[in-house]
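Undergrad: A single structure is presented below for examination.
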Amino acid sequence: MKHNNQLTILLVEDDAVACAAIGKVLYNIAEMRLIGVTNNAAKAIDITLDCLPDVVILDLELHKGEWDGIRFLIELKKFDIRVPPYILITTNNNSAITHEVARKAGADFILYKQQNNYSAEYVIEFLMSIKEVIQSRALLFGVTEEVRVNESPEQISKRVLKRINAEFDKIGLSSRYVGKKYLVDGIVMTMKDRSVRVNSEVAKKHKKPMSTVWRAMQSAIDRTWKKCNLEEIKIYYNARIDRERGAPTVSEFIFYYAEKMKDDYQ
């Protein structure tokens, strides 16, 4: 559910530098929240359906997978979303014909990346200038803030898992790490009960020794921090970390995400 009148944003972009730049700008803006980043248009559809962002910042030229930005727009129209997200296109293509195709496919506004004043700050400033208009779109569709009030437990659970995995994608925590599934379970359990003994309960669920589960979770965290640019990862994981250790502990990591998402999934 929405909280603090924030504008929620999904970034669909295959330029890592551009992603980091927008993430850095959004980090300092309380009125906006980045709920997902992906370079895959097909995956972006799943995130949109599960997280219902207010805005999708969509790169028109995507090279991951078979879809480009136009295909994303066409596919998104096939789903009955009560309040479609505001689609802000960013592109290196200045063809008037291409822009018209994008608008007809569902784009709300198009920013040309090669214009003189284009920057991550410019993109976010533009969205801030029309924030109230974007958030009032719900009124046009007769939808209130409580659109999810009738969700089933299964729907909520699915959305929670999608959100956690989207958060992990931002910091590069790979599915190849055995500890990832244990961390997901630990976050879900902690969201439900802050006093839960995570190591014990996760170990019990997977029928593994507690020491094995703990080592796998800490290894997944350590390997993620080791391979990533620390300045970039701070954009998405901004809790304080002991300099000597270099990476969060299992408990710190799990409680950070449980706290980060508690207002969305109560």
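Residues are named by chain letter and number: chains run A, B, ... in the order of the structure tokens, numbers start at 1 in each chain, and ligands are numbered from 1 in the order shown.
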Can you list, as number ranges by chain, every protein, DNA or RNA residue that comes within 12 Å of A:Arg243 when you count only C-alpha atoms, leaving out same-chain residues fewer than 4 positions away?
TA: A: 230, 247-248
Undergrad: Suppose we keep all heavy atoms; can you now write the selection as a PDB file, in the first residue's frame?
TA:
ATOM      1  N   LEU A 230      30.664  -0.491  -4.251  1.00  0.00           N
ATOM      2  CA  LEU A 230      30.075  -0.136  -2.962  1.00  0.00           C
ATOM      3  C   LEU A 230      29.312   1.178  -2.996  1.00  0.00           C
ATOM      4  O   LEU A 230      28.315   1.342  -2.288  1.00  0.00           O
ATOM      5  CB  LEU A 230      31.169  -0.076  -1.890  1.00  0.00           C
ATOM      6  CG  LEU A 230      31.833  -1.408  -1.544  1.00  0.00           C
ATOM      7  CD1 LEU A 230      32.869  -1.222  -0.442  1.00  0.00           C
ATOM      8  CD2 LEU A 230      30.777  -2.432  -1.112  1.00  0.00           C
ATOM      9  N   ALA A 247      30.394  -5.641   5.048  1.00  0.00           N
ATOM     10  CA  ALA A 247      29.077  -6.106   4.588  1.00  0.00           C
ATOM     11  C   ALA A 247      28.184  -6.305   5.806  1.00  0.00           C
ATOM     12  O   ALA A 247      28.677  -6.538   6.917  1.00  0.00           O
ATOM     13  CB  ALA A 247      29.206  -7.415   3.811  1.00  0.00           C
ATOM     14  N   PRO A 248      26.857  -6.202   5.651  1.00  0.00           N
ATOM     15  CA  PRO A 248      25.958  -6.397   6.791  1.00  0.00           C
ATOM     16  C   PRO A 248      25.959  -7.833   7.281  1.00  0.00           C
ATOM     17  O   PRO A 248      26.258  -8.763   6.529  1.00  0.00           O
ATOM     18  CB  PRO A 248      24.588  -5.992   6.236  1.00  0.00           C
ATOM     19  CG  PRO A 248      24.707  -6.161   4.764  1.00  0.00           C
ATOM     20  CD  PRO A 248      26.127  -5.859   4.420  1.00  0.00           C
TER      21      PRO A 248
END
Undergrad: Please report, as a tab-separated table, each residue of stretch 26-145 of chain A lying at most 12 Å from stretch 164-169 of chain A, together with the nearest pair of atoms and the separation in Å rounded to one decimal; use only C-alpha atoms, and order rows by chain and ascending residue number.
TA:
residue	atom	partner	partner_atom	distance
A:Leu34	CA	A:Glu167	CA	9.6
A:Ile35	CA	A:Glu167	CA	7.4
A:Gly36	CA	A:Ala166	CA	5.5
A:Val37	CA	A:Ala166	CA	7.2
A:Thr38	CA	A:Asp169	CA	7.7
A:Asn39	CA	A:Asp169	CA	10.4
A:Asn40	CA	A:Asp169	CA	11.6
A:Lys43	CA	A:Ala166	CA	9.8
A:Ala44	CA	A:Ala166	CA	10.0
A:Asp46	CA	A:Ala166	CA	10.3
A:Ile47	CA	A:Ala166	CA	7.7
A:Thr48	CA	A:Ala166	CA	11.0
A:Asp50	CA	A:Ala166	CA	10.6
A:Cys51	CA	A:Ala166	CA	9.8
Undergrad: Write a file of the just-selected residues containing N, CA and C atoms, as a PDB file, in the first residue's frame.
TA:
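Dumped everything to selection-v1.pdb:
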ATOM      1  N   LEU A  34      12.029   4.384  -5.361  1.00  0.00           N
ATOM      2  CA  LEU A  34      12.355   3.450  -6.445  1.00  0.00           C
ATOM      3  C   LEU A  34      12.033   2.038  -5.971  1.00  0.00           C
ATOM      4  N   ILE A  35      11.020   1.409  -6.582  1.00  0.00           N
ATOM      5  CA  ILE A  35      10.596   0.091  -6.119  1.00  0.00           C
ATOM      6  C   ILE A  35      11.148  -1.048  -6.960  1.00  0.00           C
ATOM      7  N   GLY A  36      11.803  -0.721  -8.078  1.00  0.00           N
ATOM      8  CA  GLY A  36      12.354  -1.781  -8.906  1.00  0.00           C
ATOM      9  C   GLY A  36      13.219  -1.228 -10.020  1.00  0.00           C
ATOM     10  N   VAL A  37      14.239  -2.012 -10.391  1.00  0.00           N
ATOM     11  CA  VAL A  37      15.104  -1.667 -11.515  1.00  0.00           C
ATOM     12  C   VAL A  37      15.335  -2.938 -12.314  1.00  0.00           C
ATOM     13  N   THR A  38      15.128  -2.874 -13.619  1.00  0.00           N
ATOM     14  CA  THR A  38      15.371  -4.035 -14.467  1.00  0.00           C
ATOM     15  C   THR A  38      15.776  -3.580 -15.852  1.00  0.00           C
ATOM     16  N   ASN A  39      16.564  -4.429 -16.531  1.00  0.00           N
ATOM     17  CA  ASN A  39      16.929  -4.141 -17.909  1.00  0.00           C
ATOM     18  C   ASN A  39      16.169  -5.036 -18.881  1.00  0.00           C
ATOM     19  N   ASN A  40      15.195  -5.764 -18.346  1.00  0.00           N
ATOM     20  CA  ASN A  40      14.435  -6.735 -19.129  1.00  0.00           C
ATOM     21  C   ASN A  40      12.962  -6.315 -19.184  1.00  0.00           C
ATOM     22  N   LYS A  43      10.413  -8.843 -17.774  1.00  0.00           N
ATOM     23  CA  LYS A  43      10.415  -8.845 -16.314  1.00  0.00           C
ATOM     24  C   LYS A  43       9.746  -7.590 -15.775  1.00  0.00           C
ATOM     25  N   ALA A  44       9.891  -6.496 -16.491  1.00  0.00           N
ATOM     26  CA  ALA A  44       9.268  -5.234 -16.074  1.00  0.00           C
ATOM     27  C   ALA A  44       7.748  -5.356 -16.044  1.00  0.00           C
ATOM     28  N   ASP A  46       6.084  -8.064 -15.195  1.00  0.00           N
ATOM     29  CA  ASP A  46       5.776  -8.766 -13.942  1.00  0.00           C
ATOM     30  C   ASP A  46       5.854  -7.823 -12.753  1.00  0.00           C
ATOM     31  N   ILE A  47       6.903  -7.000 -12.718  1.00  0.00           N
ATOM     32  CA  ILE A  47       7.057  -6.069 -11.594  1.00  0.00           C
ATOM     33  C   ILE A  47       5.918  -5.051 -11.586  1.00  0.00           C
ATOM     34  N   THR A  48       5.539  -4.573 -12.762  1.00  0.00           N
ATOM     35  CA  THR A  48       4.441  -3.602 -12.859  1.00  0.00           C
ATOM     36  C   THR A  48       3.138  -4.185 -12.344  1.00  0.00           C
ATOM     37  N   ASP A  50       2.707  -6.668 -10.250  1.00  0.00           N
ATOM     38  CA  ASP A  50       2.753  -7.026  -8.836  1.00  0.00           C
ATOM     39  C   ASP A  50       2.911  -5.833  -7.909  1.00  0.00           C
ATOM     40  N   CYS A  51       3.665  -4.816  -8.329  1.00  0.00           N
ATOM     41  CA  CYS A  51       3.956  -3.689  -7.447  1.00  0.00           C
ATOM     42  C   CYS A  51       3.158  -2.428  -7.763  1.00  0.00           C
TER      43      CYS A  51
END
Undergrad: From the list A:Ile22, A:Leu49, A:Ile57, A:Val178, which residue is nearest A:Glu232 when using only C-alpha atoms?
TA: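 Result for the nearest residue to A:Glu232: A:Ile22.
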Undergrad: Nearest to A:Asn28 among A:Asp193, A:Asp222, A:Asp185, A:Glu121, with distances taken over only C-alpha atoms: which residue is it?
TA: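 Under the stated criterion, the closest residue is A:Glu121.
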Undergrad: Show me, as a list in words, the residues that have an atom within 8 Å of stretch 73-88 of chain A when counting only C-alpha atoms, minus same-chain residues fewer than 6 positions from it.
TA: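 With the cut-off at 8 Å, the set is Ile45, Leu49, Leu52, Pro53, Asp54, Val55, Val56, Ile57, Leu58, Ala102, Ala105, Gly106, Ala107, Asp108, Phe109, Ile110, Leu111, Ile134, Arg137, Ala138, Phe141 and Val143 of chain A.
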Undergrad: When you count only C-alpha atoms, which of these residues is closest to A:Thr98: A:Met128, A:Ala21, A:Leu60, A:Gly246?
TA: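 Closest residue, counting only C-alpha atoms: A:Leu60.
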Undergrad: May I have all residues of stretch 19-104 of chain A that DSSP, computed from the backbone, assigns to alpha helix (DSSP H), given as a PyMOL selection string?
TA: chain A and resi 19-27+41-51+69-76+96-104
